[in-house]
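Q: This is protein.cif, which holds mmCIF, C-alpha atoms (C1' of nucleotides):
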data_data
loop_
_atom_site.label_atom_id
_atom_site.label_comp_id
_atom_site.auth_asym_id
_atom_site.auth_seq_id
_atom_site.Cartn_x
_atom_site.Cartn_y
_atom_site.Cartn_z
CA MET A 202 -26.09 20.03 120.64
CA LYS A 203 -28.44 21.79 122.99
CA PRO A 204 -32.16 21.35 122.50
CA ASP A 205 -33.91 24.13 120.66
CA THR A 206 -35.69 25.56 123.67
CA THR A 207 -32.46 26.27 125.48
CA VAL A 208 -31.21 28.32 122.60
CA GLU A 209 -34.48 30.19 122.26
CA LEU A 210 -34.57 30.98 125.95
CA THR A 211 -31.06 32.36 126.28
CA SER A 212 -32.19 35.95 126.67
CA LEU A 213 -34.81 34.91 129.22
CA PHE A 214 -32.19 33.25 131.39
CA GLU A 215 -29.90 36.23 131.00
CA TYR A 216 -32.75 38.34 132.29
CA PHE A 217 -33.21 35.98 135.23
CA LYS A 218 -29.50 36.16 136.05
CA LYS A 219 -29.85 39.83 136.87
CA PHE A 220 -32.18 38.86 139.71
CA ASN A 221 -31.24 35.35 140.83
CA PRO A 222 -29.15 32.95 138.74
CA LEU A 223 -30.79 29.56 138.40
CA SER A 224 -29.29 26.08 138.37
CA LEU A 225 -29.44 24.26 135.05
CA GLU A 226 -32.08 22.01 136.51
CA ALA A 227 -34.26 24.97 137.49
CA GLU A 228 -33.76 26.50 134.06
CA HIS A 229 -34.94 23.29 132.45
CA ALA A 230 -37.95 23.23 134.73
CA ILE A 231 -38.91 26.69 133.52
CA ALA A 232 -38.14 25.76 129.92
CA SER A 233 -40.57 22.86 130.23
CA ILE A 234 -43.48 25.19 131.05
CA SER A 235 -42.55 27.87 128.51
CA LYS A 236 -42.86 28.27 124.83
CA ALA A 237 -41.51 30.74 122.34
CA ILE A 238 -44.09 32.47 120.18
CA ASP A 239 -43.98 35.00 117.38
CA VAL A 240 -46.70 37.61 117.40
CA LYS A 241 -47.68 40.12 114.75
CA LYS A 242 -48.00 43.81 115.42
CA ASN A 243 -51.33 44.86 116.98
CA THR A 244 -52.17 41.34 118.14
CA VAL A 245 -54.01 41.21 121.45
CA LEU A 246 -52.60 38.30 123.42
CA GLN A 247 -55.55 37.62 125.66
CA PRO A 248 -58.99 39.16 125.64
CA ILE A 249 -60.16 41.43 128.43
CA GLY A 250 -62.21 39.47 130.97
CA HIS A 251 -60.03 36.40 131.30
CA THR A 252 -57.93 35.52 134.30
CA CYS A 253 -54.25 36.05 133.64
CA LYS A 254 -52.35 32.78 133.77
CA THR A 255 -49.38 33.63 131.62
CA ILE A 256 -46.25 35.67 132.17
CA TYR A 257 -44.68 36.88 128.95
CA PHE A 258 -41.05 37.66 128.43
CA ILE A 259 -40.28 39.93 125.50
CA LYS A 260 -37.28 38.75 123.52
CA LYS A 261 -37.91 41.24 120.79
CA GLY A 262 -40.59 43.84 120.24
CA LEU A 263 -42.77 45.97 122.40
CA ALA A 264 -46.05 45.51 124.26
CA ARG A 265 -48.53 47.58 126.19
CA ILE A 266 -51.12 46.79 128.83
CA TYR A 267 -54.33 48.69 128.24
CA TYR A 268 -57.96 48.82 129.23
CA PHE A 269 -61.08 50.81 128.60
CA LYS A 270 -62.26 53.51 130.95
CA ASP A 271 -65.67 54.87 129.91
CA GLY A 272 -65.10 53.49 126.44
CA VAL A 273 -61.73 55.21 126.07
CA ASP A 274 -58.60 53.15 125.42
CA ILE A 275 -56.11 53.76 128.26
CA THR A 276 -52.51 52.53 128.18
CA GLU A 277 -51.43 51.47 131.65
CA SER A 278 -47.85 50.53 130.83
CA PHE A 279 -45.34 49.63 128.15
CA ALA A 280 -42.94 46.70 128.16
CA PHE A 281 -39.83 46.58 126.01
CA GLU A 282 -37.50 43.76 124.99
CA ASN A 283 -35.68 41.90 127.75
CA ASN A 284 -38.47 42.51 130.18
CA SER A 285 -41.45 40.59 131.37
CA VAL A 286 -45.07 41.58 131.25
CA ALA A 287 -48.19 40.20 132.91
CA ARG A 288 -51.52 41.44 134.15
CA VAL A 289 -50.36 41.25 137.70
CA GLU A 290 -53.56 42.40 139.39
CA SER A 291 -55.23 39.30 137.91
CA LEU A 292 -52.26 36.92 138.14
CA PHE A 293 -51.91 37.37 141.91
CA THR A 294 -55.60 37.47 142.77
CA GLY A 295 -57.27 35.09 140.32
CA VAL A 296 -59.75 37.83 139.51
CA ALA A 297 -60.58 38.24 135.81
CA SER A 298 -58.51 41.04 134.34
CA LYS A 299 -60.09 44.17 132.92
CA LYS A 300 -56.92 44.68 130.93
CA ALA A 301 -55.36 43.26 127.82
CA ILE A 302 -51.83 42.94 126.49
CA GLN A 303 -51.25 44.13 122.96
CA LEU A 304 -48.10 44.01 120.88
CA ILE A 305 -47.14 47.33 119.36
CA GLU A 306 -44.55 45.78 117.06
CA ASN A 307 -44.02 42.36 115.53
CA SER A 308 -42.58 40.57 118.53
CA GLU A 309 -40.90 37.43 119.74
CA LEU A 310 -42.12 36.33 123.15
CA VAL A 311 -41.68 33.56 125.65
CA ALA A 312 -44.96 32.55 127.28
CA ILE A 313 -44.52 31.08 130.75
CA ASN A 314 -47.41 29.14 132.21
CA ALA A 315 -47.95 30.87 135.55
CA THR A 316 -50.08 28.13 137.09
CA GLN A 317 -47.30 25.64 136.56
CA LEU A 318 -44.68 28.20 137.52
CA PHE A 319 -46.26 28.72 140.93
CA LYS A 320 -46.18 24.96 141.44
CA LEU A 321 -42.44 24.98 140.76
CA TYR A 322 -42.01 27.30 143.76
CA ASP A 323 -42.40 24.31 146.10
CA THR A 324 -39.71 22.26 144.39
CA TYR A 325 -37.36 25.11 143.55
CA PRO A 326 -37.07 27.79 146.23
CA GLN A 327 -34.57 29.51 143.91
CA ILE A 328 -37.38 30.01 141.37
CA GLU A 329 -39.68 31.39 144.05
CA ARG A 330 -36.86 33.74 145.08
CA LEU A 331 -36.27 34.77 141.47
CA PHE A 332 -39.85 35.82 140.98
CA ARG A 333 -39.99 37.39 144.41
CA LEU A 334 -37.12 39.63 143.35
CA ILE A 335 -38.68 40.37 139.96
CA VAL A 336 -41.94 41.37 141.64
CA GLU A 337 -40.16 43.49 144.24
CA SER A 338 -38.40 45.30 141.45
CA ALA A 339 -41.62 45.85 139.53
CA TYR A 340 -43.29 47.04 142.72
CA VAL A 341 -40.61 49.67 143.25
CA GLU A 342 -41.06 50.88 139.68
CA THR A 343 -44.77 51.17 140.26
CA ILE A 344 -44.21 53.28 143.36
CA HIS A 345 -42.02 55.61 141.33
CA ARG A 346 -44.73 55.76 138.72
CA ILE A 347 -47.20 56.97 141.35
CA GLU A 348 -44.85 59.76 142.38
CA SER A 349 -44.51 60.70 138.76
CA ILE A 350 -48.24 60.71 137.99
CA GLN A 351 -49.36 62.42 141.13
CA PHE A 352 -46.77 65.11 141.60
CA HIS A 353 -45.58 66.19 138.20
CA THR A 354 -47.45 68.16 135.60
CA ALA A 355 -48.25 66.48 132.30
CA GLU A 356 -45.46 68.49 130.66
CA GLU A 357 -42.93 67.35 133.27
CA ARG A 358 -44.04 63.76 132.85
CA TYR A 359 -43.64 64.01 129.10
CA LYS A 360 -40.14 65.44 129.43
CA ILE A 361 -39.15 62.77 131.93
CA LEU A 362 -40.47 60.08 129.59
CA ILE A 363 -38.53 61.24 126.55
CA LYS A 364 -35.43 61.62 128.69
CA GLU A 365 -35.66 58.21 130.35
CA ALA A 366 -37.11 56.27 127.42
CA PRO A 367 -36.45 58.19 124.18
CA ASP A 368 -37.18 54.97 122.34
CA VAL A 369 -40.83 55.20 123.28
CA LEU A 370 -41.33 58.24 121.10
CA LYS A 371 -39.96 56.50 118.03
CA ARG A 372 -41.78 53.24 118.52
CA VAL A 373 -45.09 54.06 120.17
CA PRO A 374 -47.99 56.02 118.64
CA LEU A 375 -48.59 59.27 120.51
CA LYS A 376 -52.15 58.31 121.33
CA TYR A 377 -50.84 55.50 123.49
CA ILE A 378 -48.27 57.75 125.12
CA ALA A 379 -50.93 60.35 125.89
CA SER A 380 -53.14 58.04 127.92
CA TYR A 381 -50.06 56.55 129.59
CA LEU A 382 -49.19 60.08 130.74
CA GLY A 383 -52.76 60.52 131.93
CA ILE A 384 -53.76 63.17 129.39
CA THR A 385 -55.62 63.34 126.10
CA GLN A 386 -53.88 63.15 122.79
CA VAL A 387 -54.86 66.75 122.14
CA SER A 388 -53.15 67.90 125.32
CA LEU A 389 -50.04 65.94 124.43
CA SER A 390 -49.93 67.57 121.00
CA ARG A 391 -50.24 70.95 122.66
CA ILE A 392 -47.39 70.17 125.06
CA ARG A 393 -45.22 68.95 122.18
CA GLY A 394 -45.99 72.12 120.29
CA LEU A 395 -44.62 74.36 123.02
CA LYS A 396 -41.21 75.83 122.04
CA MET B 194 -46.46 30.69 180.62
CA LYS B 195 -45.59 32.10 177.25
CA PRO B 196 -42.81 34.64 177.01
CA ASP B 197 -43.91 38.23 176.74
CA THR B 198 -42.97 38.68 173.10
CA THR B 199 -45.32 35.94 171.97
CA VAL B 200 -48.21 37.65 173.64
CA GLU B 201 -47.32 41.03 172.22
CA LEU B 202 -46.98 39.66 168.71
CA THR B 203 -50.29 37.84 168.54
CA SER B 204 -51.88 40.30 166.14
CA LEU B 205 -48.77 40.24 163.95
CA PHE B 206 -48.96 36.47 163.57
CA GLU B 207 -52.69 36.69 162.94
CA TYR B 208 -51.86 39.07 160.11
CA PHE B 209 -49.26 36.64 158.77
CA LYS B 210 -51.79 33.80 158.86
CA LYS B 211 -53.87 35.55 156.22
CA PHE B 212 -50.94 35.17 153.80
CA ASN B 213 -48.95 32.11 154.88
CA PRO B 214 -49.25 30.48 158.31
CA LEU B 215 -45.86 29.98 159.95
CA SER B 216 -44.54 27.15 162.10
CA LEU B 217 -43.94 28.00 165.74
CA GLU B 218 -40.24 27.89 165.08
CA ALA B 219 -40.51 30.40 162.27
CA GLU B 220 -42.68 32.63 164.46
CA HIS B 221 -40.03 32.56 167.13
CA ALA B 222 -37.38 33.42 164.60
CA ILE B 223 -39.33 36.50 163.62
CA ALA B 224 -40.05 37.34 167.25
CA SER B 225 -36.32 37.32 167.93
CA ILE B 226 -35.69 40.09 165.40
CA SER B 227 -38.74 42.16 166.35
CA LYS B 228 -39.64 44.46 169.16
CA ALA B 229 -42.82 46.11 170.26
CA ILE B 230 -42.68 49.87 170.58
CA ASP B 231 -45.13 52.54 171.65
CA VAL B 232 -45.01 55.76 169.69
CA LYS B 233 -46.61 59.09 170.42
CA LYS B 234 -48.77 60.93 167.89
CA ASN B 235 -46.82 62.93 165.33
CA THR B 236 -43.57 61.06 165.95
CA VAL B 237 -41.48 60.56 162.83
CA LEU B 238 -40.02 57.08 163.00
CA GLN B 239 -36.98 57.58 160.82
CA PRO B 240 -35.63 60.75 159.27
CA ILE B 241 -35.75 61.31 155.52
CA GLY B 242 -32.44 60.41 153.92
CA HIS B 243 -31.75 57.13 155.69
CA THR B 244 -31.97 53.70 154.14
CA CYS B 245 -35.06 51.82 155.25
CA LYS B 246 -34.11 48.74 157.25
CA THR B 247 -37.24 48.24 159.28
CA ILE B 248 -40.68 46.91 158.50
CA TYR B 249 -43.32 48.12 160.92
CA PHE B 250 -46.49 46.32 161.79
CA ILE B 251 -49.24 48.49 163.26
CA LYS B 252 -50.95 46.83 166.19
CA LYS B 253 -52.84 49.97 167.05
CA GLY B 254 -52.88 53.44 165.58
CA LEU B 255 -52.32 54.96 162.20
CA ALA B 256 -49.31 55.98 160.12
CA ARG B 257 -48.57 57.78 156.91
CA ILE B 258 -45.64 57.79 154.52
CA TYR B 259 -44.83 61.28 153.31
CA TYR B 260 -42.15 63.31 151.61
CA PHE B 261 -41.47 66.81 150.40
CA LYS B 262 -41.97 67.85 146.82
CA ASP B 263 -40.74 71.40 146.23
CA GLY B 264 -40.98 72.05 149.94
CA VAL B 265 -44.57 70.85 150.14
CA ASP B 266 -45.52 67.96 152.42
CA ILE B 267 -47.04 65.14 150.33
CA THR B 268 -48.71 62.09 151.82
CA GLU B 269 -47.97 59.02 149.73
CA SER B 270 -50.02 56.51 151.71
CA PHE B 271 -51.76 55.70 154.96
CA ALA B 272 -51.42 52.52 156.99
CA PHE B 273 -53.98 51.43 159.56
CA GLU B 274 -53.90 48.87 162.36
CA ASN B 275 -53.28 45.26 161.44
CA ASN B 276 -51.22 46.24 158.46
CA SER B 277 -47.56 46.65 157.76
CA VAL B 278 -45.74 49.69 156.52
CA ALA B 279 -42.26 50.25 155.12
CA ARG B 280 -40.53 52.55 152.71
CA VAL B 281 -40.38 49.85 150.13
CA GLU B 282 -38.57 51.77 147.42
CA SER B 283 -35.62 52.02 149.83
CA LEU B 284 -36.01 48.63 151.53
CA PHE B 285 -35.71 46.73 148.26
CA THR B 286 -33.03 48.85 146.64
CA GLY B 287 -30.78 49.97 149.49
CA VAL B 288 -31.11 53.51 148.22
CA ALA B 289 -31.65 56.18 150.90
CA SER B 290 -35.33 56.99 151.16
CA LYS B 291 -36.68 60.43 150.42
CA LYS B 292 -39.68 59.54 152.50
CA ALA B 293 -40.50 59.32 156.19
CA ILE B 294 -43.04 57.42 158.25
CA GLN B 295 -45.04 59.44 160.74
CA LEU B 296 -47.62 58.29 163.26
CA ILE B 297 -50.89 60.19 163.02
CA GLU B 298 -52.15 58.77 166.34
CA ASN B 299 -50.52 57.39 169.45
CA SER B 300 -49.65 53.94 168.19
CA GLU B 301 -48.39 50.53 169.16
CA LEU B 302 -46.03 49.04 166.61
CA VAL B 303 -43.88 46.02 166.01
CA ALA B 304 -40.55 46.88 164.45
CA ILE B 305 -39.08 44.05 162.40
CA ASN B 306 -35.40 44.26 161.51
CA ALA B 307 -35.47 43.82 157.74
CA THR B 308 -31.77 43.06 157.34
CA GLN B 309 -32.13 40.11 159.69
CA LEU B 310 -35.47 39.19 158.20
CA PHE B 311 -33.96 38.82 154.74
CA LYS B 312 -31.34 36.51 156.24
CA LEU B 313 -34.10 34.32 157.65
CA TYR B 314 -35.30 33.73 154.09
CA ASP B 315 -32.45 31.22 153.58
CA THR B 316 -33.33 29.20 156.66
CA TYR B 317 -37.10 29.50 156.47
CA PRO B 318 -38.50 29.36 152.93
CA GLN B 319 -41.94 29.74 154.55
CA ILE B 320 -40.90 33.21 155.75
CA GLU B 321 -39.64 34.14 152.32
CA ARG B 322 -42.97 32.94 150.91
CA LEU B 323 -44.90 34.91 153.51
CA PHE B 324 -43.25 38.16 152.56
CA ARG B 325 -43.45 37.34 148.87
CA LEU B 326 -47.21 37.10 149.28
CA ILE B 327 -47.41 40.27 151.36
CA VAL B 328 -45.44 42.17 148.72
CA GLU B 329 -47.53 40.73 145.87
CA SER B 330 -50.62 41.92 147.66
CA ALA B 331 -49.20 45.38 148.26
CA TYR B 332 -48.12 45.53 144.63
CA VAL B 333 -51.66 44.81 143.45
CA GLU B 334 -52.99 47.58 145.72
CA THR B 335 -50.47 49.96 144.23
CA ILE B 336 -51.59 49.11 140.72
CA HIS B 337 -55.17 49.88 141.70
CA ARG B 338 -53.97 53.14 143.20
CA ILE B 339 -52.48 54.13 139.83
CA GLU B 340 -55.78 53.49 138.09
CA SER B 341 -57.48 55.59 140.72
CA ILE B 342 -55.08 58.52 140.55
CA GLN B 343 -54.73 58.60 136.82
CA PHE B 344 -58.25 58.08 135.64
CA HIS B 345 -60.60 59.53 138.17
CA THR B 346 -61.27 63.16 138.92
CA ALA B 347 -60.30 64.48 142.33
CA GLU B 348 -63.96 64.47 143.31
CA GLU B 349 -64.37 60.84 142.29
CA ARG B 350 -61.22 59.93 144.22
CA TYR B 351 -62.52 61.67 147.30
CA LYS B 352 -65.84 59.88 147.11
CA ILE B 353 -64.16 56.52 146.61
CA LEU B 354 -61.94 57.18 149.60
CA ILE B 355 -64.74 58.04 151.99
CA LYS B 356 -66.69 55.05 150.75
CA GLU B 357 -63.84 52.57 151.01
CA ALA B 358 -62.18 54.00 154.10
CA PRO B 359 -64.66 56.22 155.96
CA ASP B 360 -62.36 55.95 158.97
CA VAL B 361 -59.77 58.06 157.23
CA LEU B 362 -61.97 61.10 157.38
CA LYS B 363 -62.42 60.82 161.13
CA ARG B 364 -58.83 60.09 161.97
CA VAL B 365 -56.72 61.92 159.42
CA PRO B 366 -56.35 65.71 159.04
CA LEU B 367 -57.74 66.89 155.71
CA LYS B 368 -54.42 68.39 154.69
CA TYR B 369 -52.94 64.90 154.60
CA ILE B 370 -55.93 63.54 152.70
CA ALA B 371 -55.68 66.33 150.14
CA SER B 372 -52.10 65.57 149.12
CA TYR B 373 -52.87 61.84 149.19
CA LEU B 374 -55.62 62.54 146.66
CA GLY B 375 -53.17 64.58 144.61
CA ILE B 376 -54.83 67.94 145.13
CA THR B 377 -54.37 70.98 147.35
CA GLN B 378 -56.18 71.38 150.60
CA VAL B 379 -58.12 74.27 149.08
CA SER B 380 -59.37 72.08 146.26
CA LEU B 381 -60.40 69.42 148.72
CA SER B 382 -62.36 71.96 150.74
CA ARG B 383 -64.06 73.10 147.57
CA ILE B 384 -65.00 69.54 146.66
CA ARG B 385 -66.30 68.87 150.15
CA GLY B 386 -68.34 72.06 149.96
CA LEU B 387 -70.21 70.90 146.87
CA LYS B 388 -73.79 69.88 147.73
"C1'" DA C 199 -57.57 81.29 180.63
"C1'" DT C 200 -55.09 83.10 177.09
"C1'" DA C 201 -52.08 83.35 173.30
"C1'" DA C 202 -50.07 80.89 169.77
"C1'" DA C 203 -50.20 77.48 166.51
"C1'" DC C 204 -52.71 74.65 163.61
"C1'" DA C 205 -56.83 73.18 160.71
"C1'" DC C 206 -60.23 74.27 157.65
"C1'" DT C 207 -63.07 77.14 154.58
"C1'" DT C 208 -64.14 80.71 151.29
"C1'" DA C 209 -63.22 84.00 147.60
"C1'" DA C 210 -60.98 85.96 143.46
"C1'" DC C 211 -58.20 85.25 139.90
"C1'" DA C 212 -54.85 82.47 136.85
"C1'" DT C 213 -53.77 78.40 134.33
"C1'" DA C 214 -53.52 73.64 132.71
"C1'" DA C 215 -56.04 70.32 130.68
"C1'" DG C 216 -60.64 68.55 128.71
"C1'" DA C 217 -64.09 68.48 124.77
"C1'" DT C 218 -65.22 69.15 120.33
"C1'" DA C 219 -64.36 70.00 115.70
"C1'" DA C 220 -61.76 70.64 111.69
"C1'" DA C 221 -57.37 70.45 109.05
"C1'" DT C 222 -53.07 68.02 107.75
"C1'" DA C 223 -50.04 64.22 107.63
"C1'" DA C 224 -48.83 59.49 107.59
"C1'" DT C 225 -49.82 54.65 106.85
"C1'" DC C 226 -52.31 50.71 105.01
"C1'" DA C 227 -55.05 47.80 101.83
"C1'" DC C 228 -55.85 46.79 97.42
"C1'" DG D 115 -50.16 54.41 93.13
"C1'" DT D 116 -54.82 55.64 94.85
"C1'" DG D 117 -58.23 55.94 98.07
"C1'" DA D 118 -59.35 54.90 102.76
"C1'" DT D 119 -58.01 54.66 107.36
"C1'" DT D 120 -55.43 56.14 111.06
"C1'" DA D 121 -52.45 59.50 113.43
"C1'" DT D 122 -51.37 64.06 114.65
"C1'" DT D 123 -51.91 68.94 115.06
"C1'" DT D 124 -54.36 73.28 115.63
"C1'" DA D 125 -58.11 76.21 117.20
"C1'" DT D 126 -61.91 77.55 120.19
"C1'" DC D 127 -64.27 77.33 124.18
"C1'" DT D 128 -65.16 75.23 128.83
"C1'" DT D 129 -63.96 73.47 133.25
"C1'" DA D 130 -61.29 71.73 137.13
"C1'" DT D 131 -57.67 72.71 139.86
"C1'" DG D 132 -53.83 75.77 141.40
"C1'" DT D 133 -52.38 80.09 143.81
"C1'" DT D 134 -52.77 83.52 146.99
"C1'" DA D 135 -54.93 85.65 150.64
"C1'" DA D 136 -58.03 86.36 154.24
"C1'" DG D 137 -61.15 84.72 157.77
"C1'" DT D 138 -63.05 81.42 161.13
"C1'" DG D 139 -62.75 77.55 164.07
"C1'" DT D 140 -60.09 74.30 166.91
"C1'" DT D 141 -56.13 72.50 169.57
"C1'" DT D 142 -52.15 72.95 172.34
"C1'" DA D 143 -48.87 74.78 175.58
"C1'" DT D 144 -48.00 77.52 179.27
#
What would you get if you wrote out this structure as structure tokens?
A:
Amino acid sequence: MKPDTTVELTSLFEYFKKFNPLSLEAEHAIASISKAIDVKKNTVLQPIGHTCKTIYFIKKGLARIYYFKDGVDITESFAFENNSVARVESLFTGVASKKAIQLIENSELVAINATQLFKLYDTYPQIERLFRLIVESAYVETIHRIESIQFHTAEERYKILIKEAPDVLKRVPLKYIASYLGITQVSLSRIRGLK
Amino acid sequence: MKPDTTVELTSLFEYFKKFNPLSLEAEHAIASISKAIDVKKNTVLQPIGHTCKTIYFIKKGLARIYYFKDGVDITESFAFENNSVARVESLFTGVASKKAIQLIENSELVAINATQLFKLYDTYPQIERLFRLIVESAYVETIHRIESIQFHTAEERYKILIKEAPDVLKRVPLKYIASYLGITQVSLSRIRGLK
DNA sequence: ATAAACACTTAACATAAGATAAATAATCAC
DNA sequence: GTGATTATTTATCTTATGTTAAGTGTTTAT
């Protein structure tokens, strides 16, 4: 019988396979620096002001990255199941993050120790390649996000969001969606009220 | 005496050194898939609608990535000397780019064949690592750009720009700066007129 | 040197989104 | 279940930015 971790990490390795399938040995190496955790709704994983040293994979549930701008809670991004989430601007620079990760639902996560992960890059080029591809993919998404923020009206952005991620509306409080779209909750209500 | 290419690529390899120093062999491998080109002001390097297969390094000069939104010319980003520029959202996906790269000044570039570069990744893990680090760095910049666009007023964004890149103002037409800031040229003039 | 094209500013008006406040509606703790 | 939070909507007024148009200044090509 397989050890527990392997079973728990099945969906993580499925996720990896979409980018770069790993050898069993490489999978075990990642398993050895990862642990599965259950987190209650509204939990904040790491406080603002700490350097990000963990990459989370969401087996089940829903998270957001947020921060405070002039005392106002701003949602930078959402992350759904079968995706990873990390405070990248801290992870890749070592600078303390001004952001936090919060779970919007009761969630099941895999926490990967990034410090140890980066060390695995030397031994397993396939792991370095895997995360290179994951980052490239996230980078492309971020570029699309810029186009969306900069060159669509708030109403267009709202319509695009509910078209591309109708789930969001059911699972995420509107106040979080509003700041994600770059507007106030009042404006979002107004837009929703149209027609 | 060194071959010509080595001399011409000095600044490129200096740029690489900031991320991941390469062996001479790896440098030669990159040199063999690169060529130095001189480009006149206003030249568009590749037409919109083609898949991006080239990474450019700017030895001298200044470029912008732009596209058309509802017929209006929008500048997505600028790239100055000693930096690289590519239409990443096409490069990493194979999808035809809706964007073009244009030189704002007479420029000296190094064109790196990306298709061949990606093949080098198998032979030279150090090259794969180099570009992983370059992309991670660009990704972090893009995340900061989102914060800037989404949560500062146009006036704040303008002030940040002239503080962080005062060069831009001297070398880039205001119409390009305006769309980069996400506003019209008229709005930018108005902001500049204040005080 | 001149005309044409381009770059930038200014003005008047229209509109989308912000700020504040108050009213419902939904959820949570006990 | 009841009261207390929290979430959402609605209304009013203000403000920043868009749109259009016209005018001035600056390059560029011949």
Q: Need the shell around region 368-375 of chain A: protein/DNA/RNA residues with any atom at most 9 Å away, counting only C-alpha atoms (C1' of nucleotides). Skip same-chain ones fewer than 6 positions apart. Format as a PyMOL selection string?
A: (chain A and resi 263+279+305-306+362+386+389-390) or (chain D and resi 121-122)
Q: Could you list, as a JSON list (two decimals) with C-alpha atoms (C1' of nucleotides), keeping the file's coordinate frame, every residue of chain C that has an atom within 8 Å of an atom of chain B, counting all atoms listed in the file?
A:
[["chain", "number", "residue", "atom", "x", "y", "z"],
["C", 205, "DA", "C1'", -56.83, 73.18, 160.71],
["C", 206, "DC", "C1'", -60.23, 74.27, 157.65],
["C", 207, "DT", "C1'", -63.07, 77.14, 154.58]]
Q: Applying the PyMOL selection byres ((chain D) within 10 of (chain B)) to the file I just gave you, which residues come out? Please list them as an mmCIF file with C-alpha atoms (C1' of nucleotides), keeping the file's coordinate frame.
A:
data_model
loop_
_atom_site.group_PDB
_atom_site.id
_atom_site.type_symbol
_atom_site.label_atom_id
_atom_site.label_comp_id
_atom_site.auth_asym_id
_atom_site.auth_seq_id
_atom_site.Cartn_x
_atom_site.Cartn_y
_atom_site.Cartn_z
ATOM 1 C "C1'" DA D 130 -61.290 71.730 137.130
ATOM 2 C "C1'" DT D 131 -57.670 72.710 139.860
ATOM 3 C "C1'" DG D 132 -53.830 75.770 141.400
ATOM 4 C "C1'" DT D 133 -52.380 80.090 143.810
#
Q: Taking a cut-off of 6 Å and counting all atoms listed in the file, can you build a table that, for each residue of chain B near chain A, reports the nearest atom pair and how far apart they are in Å (one decimal), sorted by chain then residue number, as a Markdown table?
A:
| residue | atom | partner | partner_atom | distance |
| --- | --- | --- | --- | --- |
| B:Glu282 | CA | A:Val341 | CA | 5.1 |
| B:Arg325 | CA | A:Arg333 | CA | 5.6 |
| B:Tyr332 | CA | A:Tyr340 | CA | 5.4 |
| B:Val333 | CA | A:Glu290 | CA | 5.1 |
| B:Gln343 | CA | A:Gly383 | CA | 5.6 |
| B:Gly375 | CA | A:Gln351 | CA | 5.6 |
Q: Please, what distance in Å, to one decimal, runs between CA of Val296 (chain A) and CA of Asn276 (chain B)?
A: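 The value is 22.4 Å.
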Q: Extract, using only C-alpha atoms (C1' of nucleotides), all DNA, RNA and protein residues at most 12 Å from Ser227 (chain B), discarding same-chain residues fewer than 5 positions from it, and format them as number ranges by chain.
A: B: 198-199, 201-202, 205, 220-222, 247-250, 302-310
Q: Taking C-alpha atoms for each residue, export the selection above as a compact mmCIF listing (two decimals), keeping the file's coordinate frame.
A:
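Listing of out-v4.txt after writing:
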# COMPACT_ATOMS: atom_id res chain seq x y z
CA THR B 198 -42.97 38.68 173.10
CA THR B 199 -45.32 35.94 171.97
CA GLU B 201 -47.32 41.03 172.22
CA LEU B 202 -46.98 39.66 168.71
CA LEU B 205 -48.77 40.24 163.95
CA GLU B 220 -42.68 32.63 164.46
CA HIS B 221 -40.03 32.56 167.13
CA ALA B 222 -37.38 33.42 164.60
CA THR B 247 -37.24 48.24 159.28
CA ILE B 248 -40.68 46.91 158.50
CA TYR B 249 -43.32 48.12 160.92
CA PHE B 250 -46.49 46.32 161.79
CA LEU B 302 -46.03 49.04 166.61
CA VAL B 303 -43.88 46.02 166.01
CA ALA B 304 -40.55 46.88 164.45
CA ILE B 305 -39.08 44.05 162.40
CA ASN B 306 -35.40 44.26 161.51
CA ALA B 307 -35.47 43.82 157.74
CA THR B 308 -31.77 43.06 157.34
CA GLN B 309 -32.13 40.11 159.69
CA LEU B 310 -35.47 39.19 158.20
Q: Applied to the shown file, which residues does the PyMOL selection byres ((chain D and resi 129) around 9) return, written as a PyMOL selection string?
A: (chain C and resi 215-216) or (chain D and resi 128+130)
Q: Got a sec to resolve the PyMOL selection byres ((chain D and resi 115) around 12) on this structure and send the residues as a VMD selection string?
A: (chain C and resid 227 to 228) or (chain D and resid 116 to 117)
Q: Between CA of Tyr260 (chain B) and CA of Glu274 (chain B), what is the spacing in Å?
A: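 Atom-to-atom, CA of Glu274 (chain B) and CA of Tyr260 (chain B) are spaced 21.5 Å apart.
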Q: To one decimal in Å, tell me the separation between CA of Ala264 (chain A) and CA of Ile363 (chain A).
A: 17.6 Å
Q: Is there a way to get, as number ranges by chain, all residues within 8 Å of the point (-66.3, 72.3, 119.1) in file coordinates, counting all atoms listed in the file?
A: C: 217-219; D: 126-127
Q: How about completing region 226-230 of chain A with N, CA and C atoms and giving it to me as a compact mmCIF listing (two decimals), in the frame of the given file?
A:
# COMPACT_ATOMS: atom_id res chain seq x y z
N GLU A 226 -30.87 22.80 136.29
CA GLU A 226 -32.08 22.01 136.51
C GLU A 226 -33.30 22.94 136.61
N ALA A 227 -33.15 24.02 137.34
CA ALA A 227 -34.26 24.97 137.49
C ALA A 227 -34.57 25.62 136.14
N GLU A 228 -33.53 25.91 135.39
CA GLU A 228 -33.76 26.50 134.06
C GLU A 228 -34.56 25.54 133.18
N HIS A 229 -34.20 24.27 133.26
CA HIS A 229 -34.94 23.29 132.45
C HIS A 229 -36.39 23.18 132.90
N ALA A 230 -36.58 23.29 134.22
CA ALA A 230 -37.95 23.23 134.73
C ALA A 230 -38.78 24.38 134.15
